[in-house]
$ cat protein_8.cif   # mmCIF, C-alpha atoms
data_protein
loop_
_atom_site.label_atom_id
_atom_site.label_comp_id
_atom_site.auth_asym_id
_atom_site.auth_seq_id
_atom_site.Cartn_x
_atom_site.Cartn_y
_atom_site.Cartn_z
CA MET A 25 18.41 -21.60 -4.50
CA VAL A 26 16.70 -23.52 -1.73
CA GLU A 27 14.49 -26.39 -2.88
CA LYS A 28 10.75 -26.04 -2.35
CA GLU A 29 10.66 -29.39 -0.58
CA ALA A 30 12.71 -27.87 2.26
CA LEU A 31 10.07 -25.14 2.64
CA ALA A 32 7.09 -27.49 2.85
CA ALA A 33 6.09 -26.63 6.44
CA GLY A 34 5.89 -22.90 5.73
CA VAL A 35 4.24 -23.40 2.36
CA GLY A 36 1.59 -25.52 4.06
CA LEU A 37 0.63 -22.53 6.22
CA LEU A 38 0.66 -20.19 3.21
CA HIS A 39 -1.90 -22.55 1.66
CA LYS A 40 -4.11 -22.26 4.75
CA PRO A 41 -4.37 -18.56 5.70
CA VAL A 42 -6.35 -17.81 8.83
CA LEU A 43 -7.68 -14.37 7.78
CA PRO A 44 -10.59 -15.76 5.68
CA LEU A 45 -11.77 -17.65 8.78
CA VAL A 46 -11.41 -14.50 10.86
CA GLY A 47 -13.62 -12.68 8.36
CA ILE A 48 -16.35 -15.30 8.81
CA VAL A 49 -16.14 -15.03 12.60
CA GLN A 50 -16.21 -11.23 12.51
CA PHE A 51 -19.30 -11.15 10.31
CA LEU A 52 -21.22 -13.67 12.41
CA TYR A 53 -20.23 -12.06 15.71
CA LEU A 54 -20.97 -8.48 14.70
CA THR A 55 -24.28 -9.22 12.97
CA GLY A 56 -25.62 -12.08 15.09
CA ALA A 57 -26.87 -12.60 18.64
CA PHE A 58 -23.56 -13.93 19.94
CA ALA A 59 -22.20 -12.94 23.33
CA SER A 60 -18.55 -13.52 22.43
CA VAL A 61 -16.14 -14.42 19.67
CA GLU A 62 -15.54 -17.75 21.42
CA GLU A 63 -19.24 -18.60 21.09
CA VAL A 64 -19.09 -18.05 17.34
CA ILE A 65 -16.01 -20.22 16.98
CA ASP A 66 -17.57 -23.02 19.02
CA GLN A 67 -20.53 -23.13 16.63
CA LEU A 68 -18.58 -23.10 13.36
CA PRO A 69 -19.36 -26.06 11.09
CA GLN A 70 -16.69 -28.60 10.23
CA PRO A 71 -15.15 -28.59 7.71
CA ILE A 72 -15.27 -25.11 6.15
CA GLU A 73 -14.45 -24.87 2.46
CA THR A 74 -13.53 -21.61 0.74
CA GLY A 75 -12.56 -20.94 -2.84
CA TYR A 76 -8.94 -21.29 -1.78
CA THR A 77 -8.69 -24.16 0.69
CA VAL A 78 -10.50 -26.47 3.14
CA TYR A 79 -10.29 -25.97 6.90
CA GLU A 80 -10.88 -29.35 8.52
CA ASP A 81 -10.88 -27.92 12.06
CA ALA A 82 -11.54 -24.19 11.94
CA ALA A 83 -11.76 -23.88 15.72
CA ALA A 84 -8.25 -25.26 16.12
CA ASP A 85 -6.94 -23.00 13.36
CA LEU A 86 -8.42 -19.95 15.12
CA ALA A 87 -7.34 -20.88 18.65
CA LEU A 88 -4.02 -19.00 18.41
CA TYR A 89 -5.78 -15.76 17.50
CA ILE A 90 -8.81 -15.51 19.80
CA ASP A 91 -7.11 -12.97 22.07
CA LEU A 92 -6.42 -10.70 19.09
CA MET A 93 -10.12 -10.61 18.15
CA GLN A 94 -11.27 -9.22 21.49
CA PRO A 95 -11.27 -5.57 20.29
CA LEU A 96 -14.32 -6.54 18.21
CA ALA A 97 -16.27 -6.54 21.49
CA ARG A 98 -15.69 -2.79 21.82
CA LEU A 99 -16.95 -2.29 18.28
CA LYS A 100 -20.08 -4.36 18.93
CA ALA A 101 -20.75 -2.43 22.14
CA GLY A 102 -20.42 0.89 20.31
CA GLN A 103 -17.37 1.92 22.31
CA PRO A 104 -14.69 4.10 20.67
CA LEU A 105 -11.39 2.56 19.61
CA HIS A 106 -8.14 3.50 21.31
CA GLU A 107 -6.54 4.00 17.88
CA GLN A 108 -7.56 6.05 14.86
CA VAL A 109 -7.31 4.78 11.28
CA VAL A 110 -7.23 7.20 8.35
CA ASP A 111 -7.36 6.74 4.59
CA SER A 112 -4.77 7.82 2.02
CA GLU A 113 -6.01 11.43 2.32
CA ASP A 114 -5.83 11.38 6.14
CA ARG A 115 -9.60 11.22 6.55
CA PRO A 116 -10.84 8.98 9.41
CA VAL A 117 -12.40 5.73 8.19
CA ASP A 118 -15.56 4.30 9.73
CA ALA A 119 -15.36 2.35 12.99
CA MET A 120 -16.02 -1.03 11.34
CA THR A 121 -13.22 -0.61 8.79
CA ALA A 122 -10.84 0.68 11.45
CA ALA A 123 -11.49 -2.11 13.96
CA THR A 124 -11.34 -4.97 11.47
CA ALA A 125 -8.16 -3.58 9.85
CA LEU A 126 -6.39 -3.31 13.20
CA VAL A 127 -7.47 -6.83 14.17
CA ALA A 128 -6.31 -8.17 10.80
CA GLN A 129 -2.91 -6.46 11.14
CA ARG A 130 -2.28 -8.13 14.50
CA ILE A 131 -3.48 -11.52 13.34
CA LEU A 132 -1.38 -11.41 10.17
CA THR A 133 1.65 -10.33 12.20
CA ARG A 134 1.34 -13.38 14.44
CA GLU A 135 0.62 -15.80 11.59
CA LEU A 136 3.41 -14.49 9.38
CA GLU A 137 5.91 -14.66 12.24
CA GLN A 138 5.32 -18.41 12.29
CA ILE A 139 5.36 -18.73 8.49
CA ASN A 140 8.52 -16.66 8.08
CA SER A 141 10.31 -18.63 10.79
CA LEU A 142 9.51 -21.91 9.05
CA LEU A 143 10.66 -20.57 5.68
CA CYS A 144 13.75 -18.75 6.89
CA GLY A 145 15.47 -21.61 8.73
CA PRO A 146 16.06 -23.94 5.75
CA CYS A 147 17.58 -21.12 3.69
CA HIS A 148 20.60 -20.56 5.97
CA CYS A 149 20.51 -16.95 4.81
CA THR A 150 22.17 -13.92 6.45
CA LEU A 151 20.42 -11.31 4.32
CA CYS A 152 18.90 -9.54 7.32
CA CYS A 153 22.10 -9.63 9.38
CA ILE A 154 24.57 -7.67 7.23
CA GLY A 155 24.89 -4.12 5.96
CA PRO A 156 24.93 -3.10 2.29
CA GLU A 157 27.70 -4.53 0.18
CA ALA A 158 30.18 -2.35 -1.67
CA GLY A 159 28.57 -0.85 -4.75
CA MET A 160 25.01 -0.88 -3.38
CA GLY A 161 23.06 2.36 -3.32
CA GLN A 162 22.31 2.22 0.42
CA SER A 163 24.79 3.46 3.00
CA TYR A 164 23.29 1.49 5.88
CA PHE A 165 20.47 -0.81 6.96
CA GLU A 166 18.30 -0.17 10.00
CA ILE A 167 16.96 -2.89 12.30
CA PRO A 168 14.27 -1.36 14.55
CA LEU A 169 14.33 -2.70 18.09
CA GLN A 170 11.70 -3.07 20.81
CA PRO A 171 12.27 -1.83 24.39
CA GLY A 172 14.66 -4.17 26.18
CA GLU A 173 16.15 -5.69 23.01
CA ILE A 174 19.16 -3.37 22.92
CA ASP A 175 20.71 -5.29 25.82
CA THR A 176 21.28 -8.28 23.51
CA PHE A 177 23.85 -6.26 21.53
CA ALA A 178 27.33 -5.49 22.92
CA LEU A 179 27.69 -2.27 20.95
CA GLY A 180 28.28 1.43 21.42
CA ARG A 181 25.19 3.56 21.86
CA ILE A 182 24.18 7.01 20.70
CA ASP A 183 21.55 8.34 23.08
CA THR A 184 21.51 12.14 23.03
CA PRO A 185 18.87 14.88 23.03
CA ILE A 186 19.65 15.46 19.35
CA SER A 187 19.31 11.78 18.34
CA LYS A 188 16.04 11.54 20.30
CA SER A 189 14.67 14.54 18.40
CA LEU A 190 15.24 12.97 14.97
CA ARG A 191 14.00 10.02 12.93
CA VAL A 192 16.39 7.68 11.16
CA ASP A 193 15.33 9.00 7.73
CA ASP A 194 15.36 12.71 8.57
CA GLU A 195 17.32 15.09 6.38
CA PRO A 196 19.77 16.47 7.23
CA SER A 197 20.81 13.27 8.96
CA LEU A 198 22.10 12.88 12.49
CA GLN A 199 25.74 13.95 12.72
CA VAL A 200 28.22 12.18 15.01
CA GLY A 201 31.74 13.58 15.29
CA GLY A 202 31.18 15.72 12.19
CA ALA A 203 30.02 12.83 9.99
CA ALA A 204 26.69 11.18 9.20
CA PHE A 205 25.63 8.56 11.75
CA TYR A 206 26.16 5.75 9.21
CA ASP A 207 29.62 6.89 8.07
CA ARG A 208 31.46 4.45 10.32
CA PRO A 209 32.99 0.96 10.04
CA ASP A 210 31.06 -0.75 12.83
CA PRO A 211 27.40 -1.22 13.81
CA VAL A 212 25.92 1.06 16.46
CA LEU A 213 22.75 1.39 18.52
CA ILE A 214 20.94 4.73 18.19
CA HIS A 215 18.04 6.12 20.21
CA TRP A 216 15.71 7.98 17.81
CA SER A 217 12.47 9.86 18.43
CA HIS A 218 10.61 6.67 17.44
CA GLY A 219 12.77 4.32 19.54
CA TRP A 220 16.02 2.38 19.32
CA SER A 221 17.50 0.78 16.23
CA LEU A 222 20.59 -1.16 15.22
CA ILE A 223 22.41 0.54 12.35
CA LEU A 224 24.45 -1.71 10.07
CA PRO A 225 26.79 0.49 7.96
CA ARG A 226 28.09 -0.64 4.60
CA GLU A 227 30.00 -3.96 4.74
CA SER A 228 29.30 -4.47 8.45
CA ARG A 229 27.50 -7.35 10.14
CA CYS A 230 25.35 -7.90 13.21
CA PRO A 231 27.62 -8.54 16.22
CA ASN A 232 25.53 -11.60 17.08
CA LEU A 233 26.15 -13.25 13.70
CA GLU A 234 28.84 -15.93 13.97
CA ASP A 235 31.32 -16.57 11.15
CA ALA A 236 29.43 -19.74 10.23
CA GLY A 237 26.28 -17.64 9.60
CA ILE A 238 24.52 -18.72 12.80
CA CYS A 239 22.80 -16.29 15.18
CA ARG A 240 24.28 -16.76 18.65
CA ILE A 241 21.14 -15.31 20.34
CA TYR A 242 18.57 -17.03 18.11
CA PRO A 243 16.08 -17.88 20.90
CA LEU A 244 16.31 -14.26 22.14
CA ARG A 245 16.58 -12.55 18.76
CA PRO A 246 14.70 -9.25 18.31
CA GLN A 247 11.08 -9.22 17.26
CA VAL A 248 11.86 -7.82 13.81
CA CYS A 249 14.29 -10.70 13.17
CA ARG A 250 11.42 -13.14 13.64
CA ARG A 251 9.42 -11.58 10.82
CA PRO A 252 11.46 -11.53 7.62
CA GLN A 253 10.58 -11.17 4.76
CA ILE A 254 6.79 -11.23 4.28
CA PHE A 255 5.13 -8.37 6.13
CA PRO A 256 1.48 -7.51 6.88
CA TYR A 257 0.61 -4.05 5.63
CA MET A 258 -3.05 -3.70 6.54
CA VAL A 259 -2.20 -0.46 8.32
CA GLU A 260 0.97 1.56 8.83
CA PRO A 261 1.78 3.86 11.77
CA VAL A 262 1.44 7.58 11.10
CA PRO A 263 3.66 9.94 13.13
CA ALA A 264 1.17 12.11 15.01
CA PRO A 265 2.86 13.71 18.04
CA ASP A 266 -0.03 16.15 18.46
CA ARG A 267 -2.58 13.35 18.94
CA GLU A 268 -3.15 11.49 22.18
CA ASN A 269 -3.96 8.08 20.62
CA PRO A 270 -1.98 6.16 17.94
CA VAL A 271 -2.85 6.87 14.31
CA PHE A 272 -2.61 4.38 11.45
CA ARG A 273 -3.09 4.67 7.69
CA LEU A 274 -5.15 2.00 5.94
CA ARG A 275 -3.10 0.14 3.32
CA GLN A 276 -4.71 -3.34 2.97
CA ALA A 277 -1.62 -4.89 1.42
CA LEU A 278 1.01 -7.58 1.89
CA LEU A 279 4.67 -6.69 1.38
CA ALA A 280 7.32 -9.26 0.45
CA VAL A 281 11.03 -8.53 -0.02
CA VAL A 282 12.35 -10.32 -3.09
CA ASP A 283 16.00 -10.15 -2.00
CA CYS A 284 15.06 -13.05 0.26
CA PRO A 285 15.62 -16.48 -1.35
CA TYR A 286 12.36 -18.00 -0.14
CA VAL A 287 10.31 -15.00 -1.30
CA GLU A 288 11.86 -15.26 -4.76
CA GLN A 289 11.17 -19.00 -4.78
CA LEU A 290 7.57 -18.68 -3.55
CA ARG A 291 6.25 -15.64 -5.41
CA ASP A 292 3.16 -17.47 -6.67
CA GLU A 293 2.33 -18.98 -3.29
CA ILE A 294 2.74 -15.65 -1.50
CA ALA A 295 0.63 -13.83 -4.09
CA ALA A 296 -2.10 -16.48 -3.71
CA TYR A 297 -1.96 -16.06 0.09
CA ALA A 298 -2.46 -12.30 -0.35
CA ALA A 299 -5.34 -12.81 -2.78
CA SER A 300 -7.10 -15.21 -0.42
CA CYS A 301 -6.88 -12.53 2.30
CA ALA A 302 -8.18 -9.83 -0.12
CA LEU A 303 -4.89 -7.91 0.13
CA ASP A 304 -2.95 -6.03 -2.52
CA MET A 305 0.40 -7.72 -3.20
CA ILE A 306 3.60 -5.66 -3.14
CA PHE A 307 6.90 -7.27 -4.11
CA ARG A 308 9.86 -5.01 -3.37
CA ARG A 309 13.65 -5.20 -3.45
CA ASN A 310 15.44 -3.76 -0.40
CA LYS A 311 19.05 -3.99 -1.55
CA GLU A 312 19.95 -2.14 -4.72
#
$ encode --input "protein_8.cif" --output "structure tokens"
Amino acid sequence: MVEKEALAAGVGLLHKPVLPLVGIVQFLYLTGAFASVEEVIDQLPQPIETGYTVYEDAAADLALYIDLMQPLARLKAGQPLHEQVVDSEDRPVDAMTAATALVAQRILTRELEQINSLLCGPCHCTLCCIGPEAGMGQSYFEIPLQPGEIDTFALGRIDTPISKSLRVDDEPSLQVGGAAFYDRPDPVLIHWSHGWSLILPRESRCPNLEDAGICRIYPLRPQVCRRPQIFPYMVEPVPAPDRENPVFRLRQALLAVVDCPYVEQLRDEIAAYAASCALDMIFRRNKE
């Protein structure tokens, strides 16, 4: 178990979440006579104290996220959003709820990428880089990839009309050579209807993971590898091929994977971070 002292940098950011500040800026901008988000931030008092923490320099804390708050200008101008957000019963939510949820998702994604990176390094963990061990219930793990990231993996590829018509979790599953796509000894790249992913079958490992447990492409590692194991879950994508614009379902939650050593060590701190952001907390185990 990694010592908490080694996680101090990441814990410090967990103790100072930016979303409460974003909420203040959103309220002032949308209800006041401000021409821009930047104008609101420039006029924030110093320091700002909440029930959770004290922000000595709120403007500096918000500087990394100003670009992600620009969609609020469309909301203030009464312009429609490019995305649609629905509730648990697939009913569209109001424009205010939709816009602020989408902004929060993007801000949390950026903030948690930094927090996760600071927490992950000291653990020297390869949890995300290997397939299920013998005896686990899963037959494979999937690592979703962004366009262009597949070129960082020297692996075979499955890119066929059939694979591109299916999702990774479809049943019946994609068949390759008469067997399920995951019934193989080595990792493989597969092009699905929702994009590319790296499939790690049981007892396999990422080809970029060295024997010493070090990632040989760490500076170029995929986006998903930068965001273990605390995830923003304000909204989730909804497959909607019949709709022109992206659709998301409102969730307003934070998800943390307890297989990860730093998540297990920092349950209380992560739950407090979620509470300060007014998010439901979900702790989940990935490997069973």
$ residues_around --input "protein_8.cif" --residues "Leu132 (chain A)" --least-positions-apart "2" --cutoff "12 Å" --atoms "only C-alpha atoms" --output "ChimeraX atom specification"
/A:37-38,41-44,46,88-89,92-93,124-130,134-140,251,254-259,276-279,297-298,301,303
$ atom_distance --input "protein_8.cif" --atom1 "CA of Ala87 (chain A)" --atom2 "CA of Ile65 (chain A)"
8.9 Å
$ atom_distance --input "protein_8.cif" --atom1 "CA of Thr150 (chain A)" --atom2 "CA of Gly237 (chain A)"
6.4 Å
$ atom_distance --input "protein_8.cif" --atom1 "CA of Ala122 (chain A)" --atom2 "CA of Arg308 (chain A)"
26.1 Å
$ closest_residue --input "protein_8.cif" --among "A:Ser197, A:Arg226, A:Gly36, A:Asn269" --to "Pro104 (chain A)" --atoms "all atoms listed in the file"
A:Asn269
$ resolve_selection --input "protein_8.cif" --expression "the PyMOL selection byres ((chain A and resi 291) around 12)" --output "PyMOL selection string"
chain A and resi 28+35+38+253-254+279-290+292-298+305-308
$ resolve_selection --input "protein_8.cif" --expression "the PyMOL selection byres ((chain A and resi 109) around 12)" --output "number ranges by chain"
A: 104-108, 110-127, 258-262, 264, 269-276
$ closest_residue --input "protein_8.cif" --among "A:Ser189, A:Pro225, A:Gly202, A:Ala84" --to "Ala158 (chain A)" --atoms "all atoms listed in the file"
A:Pro225
$ closest_residue --input "protein_8.cif" --among "A:Glu173, A:Glu73, A:Glu166, A:Glu62" --to "Asn310 (chain A)" --atoms "only C-alpha atoms"
A:Glu166
$ closest_residue --input "protein_8.cif" --among "A:Ser300, A:Arg309, A:Gly145, A:Ala33" --to "Thr74 (chain A)" --atoms "all atoms listed in the file"
A:Ser300
$ decode --input "protein_8.cif" --residues "region 70-86 of chain A" --atoms "N, CA and C atoms" --output "tab-separated table (two decimals), in the first residue's frame"
chain	number	residue	atom	x	y	z
A	70	GLN	N	-10.89	38.21	-3.19
A	70	GLN	CA	-9.81	37.34	-2.73
A	70	GLN	C	-9.67	37.50	-1.22
A	71	PRO	N	-9.59	36.42	-0.47
A	71	PRO	CA	-9.81	35.03	-0.88
A	71	PRO	C	-11.30	34.71	-0.93
A	72	ILE	N	-11.63	33.51	-1.41
A	72	ILE	CA	-13.00	33.00	-1.38
A	72	ILE	C	-13.01	31.77	-0.48
A	73	GLU	N	-13.89	31.79	0.50
A	73	GLU	CA	-14.00	30.67	1.44
A	73	GLU	C	-15.33	29.96	1.25
A	74	THR	N	-15.28	28.64	1.09
A	74	THR	CA	-16.48	27.83	1.02
A	74	THR	C	-16.55	26.97	2.27
A	75	GLY	N	-17.57	26.15	2.35
A	75	GLY	CA	-17.67	25.25	3.50
A	75	GLY	C	-16.65	24.14	3.47
A	76	TYR	N	-15.90	24.05	2.36
A	76	TYR	CA	-14.96	22.95	2.19
A	76	TYR	C	-13.51	23.39	2.23
A	77	THR	N	-13.23	24.57	1.67
A	77	THR	CA	-11.83	25.01	1.58
A	77	THR	C	-11.76	26.52	1.38
A	78	VAL	N	-10.54	27.04	1.30
A	78	VAL	CA	-10.30	28.46	1.05
A	78	VAL	C	-9.48	28.58	-0.23
A	79	TYR	N	-9.96	29.42	-1.14
A	79	TYR	CA	-9.25	29.69	-2.40
A	79	TYR	C	-8.56	31.05	-2.25
A	80	GLU	N	-7.26	31.02	-2.09
A	80	GLU	CA	-6.52	32.26	-1.89
A	80	GLU	C	-6.46	33.11	-3.16
A	81	ASP	N	-6.41	32.47	-4.31
A	81	ASP	CA	-6.35	33.17	-5.59
A	81	ASP	C	-7.26	32.45	-6.58
A	82	ALA	N	-8.55	32.77	-6.50
A	82	ALA	CA	-9.53	32.08	-7.32
A	82	ALA	C	-9.28	32.27	-8.81
A	83	ALA	N	-8.84	33.47	-9.20
A	83	ALA	CA	-8.58	33.73	-10.62
A	83	ALA	C	-7.51	32.80	-11.16
A	84	ALA	N	-6.46	32.58	-10.39
A	84	ALA	CA	-5.40	31.67	-10.82
A	84	ALA	C	-5.90	30.23	-10.88
A	85	ASP	N	-6.74	29.85	-9.92
A	85	ASP	CA	-7.28	28.49	-9.91
A	85	ASP	C	-8.18	28.24	-11.12
A	86	LEU	N	-8.85	29.27	-11.61
A	86	LEU	CA	-9.78	29.15	-12.73
A	86	LEU	C	-9.12	29.32	-14.09
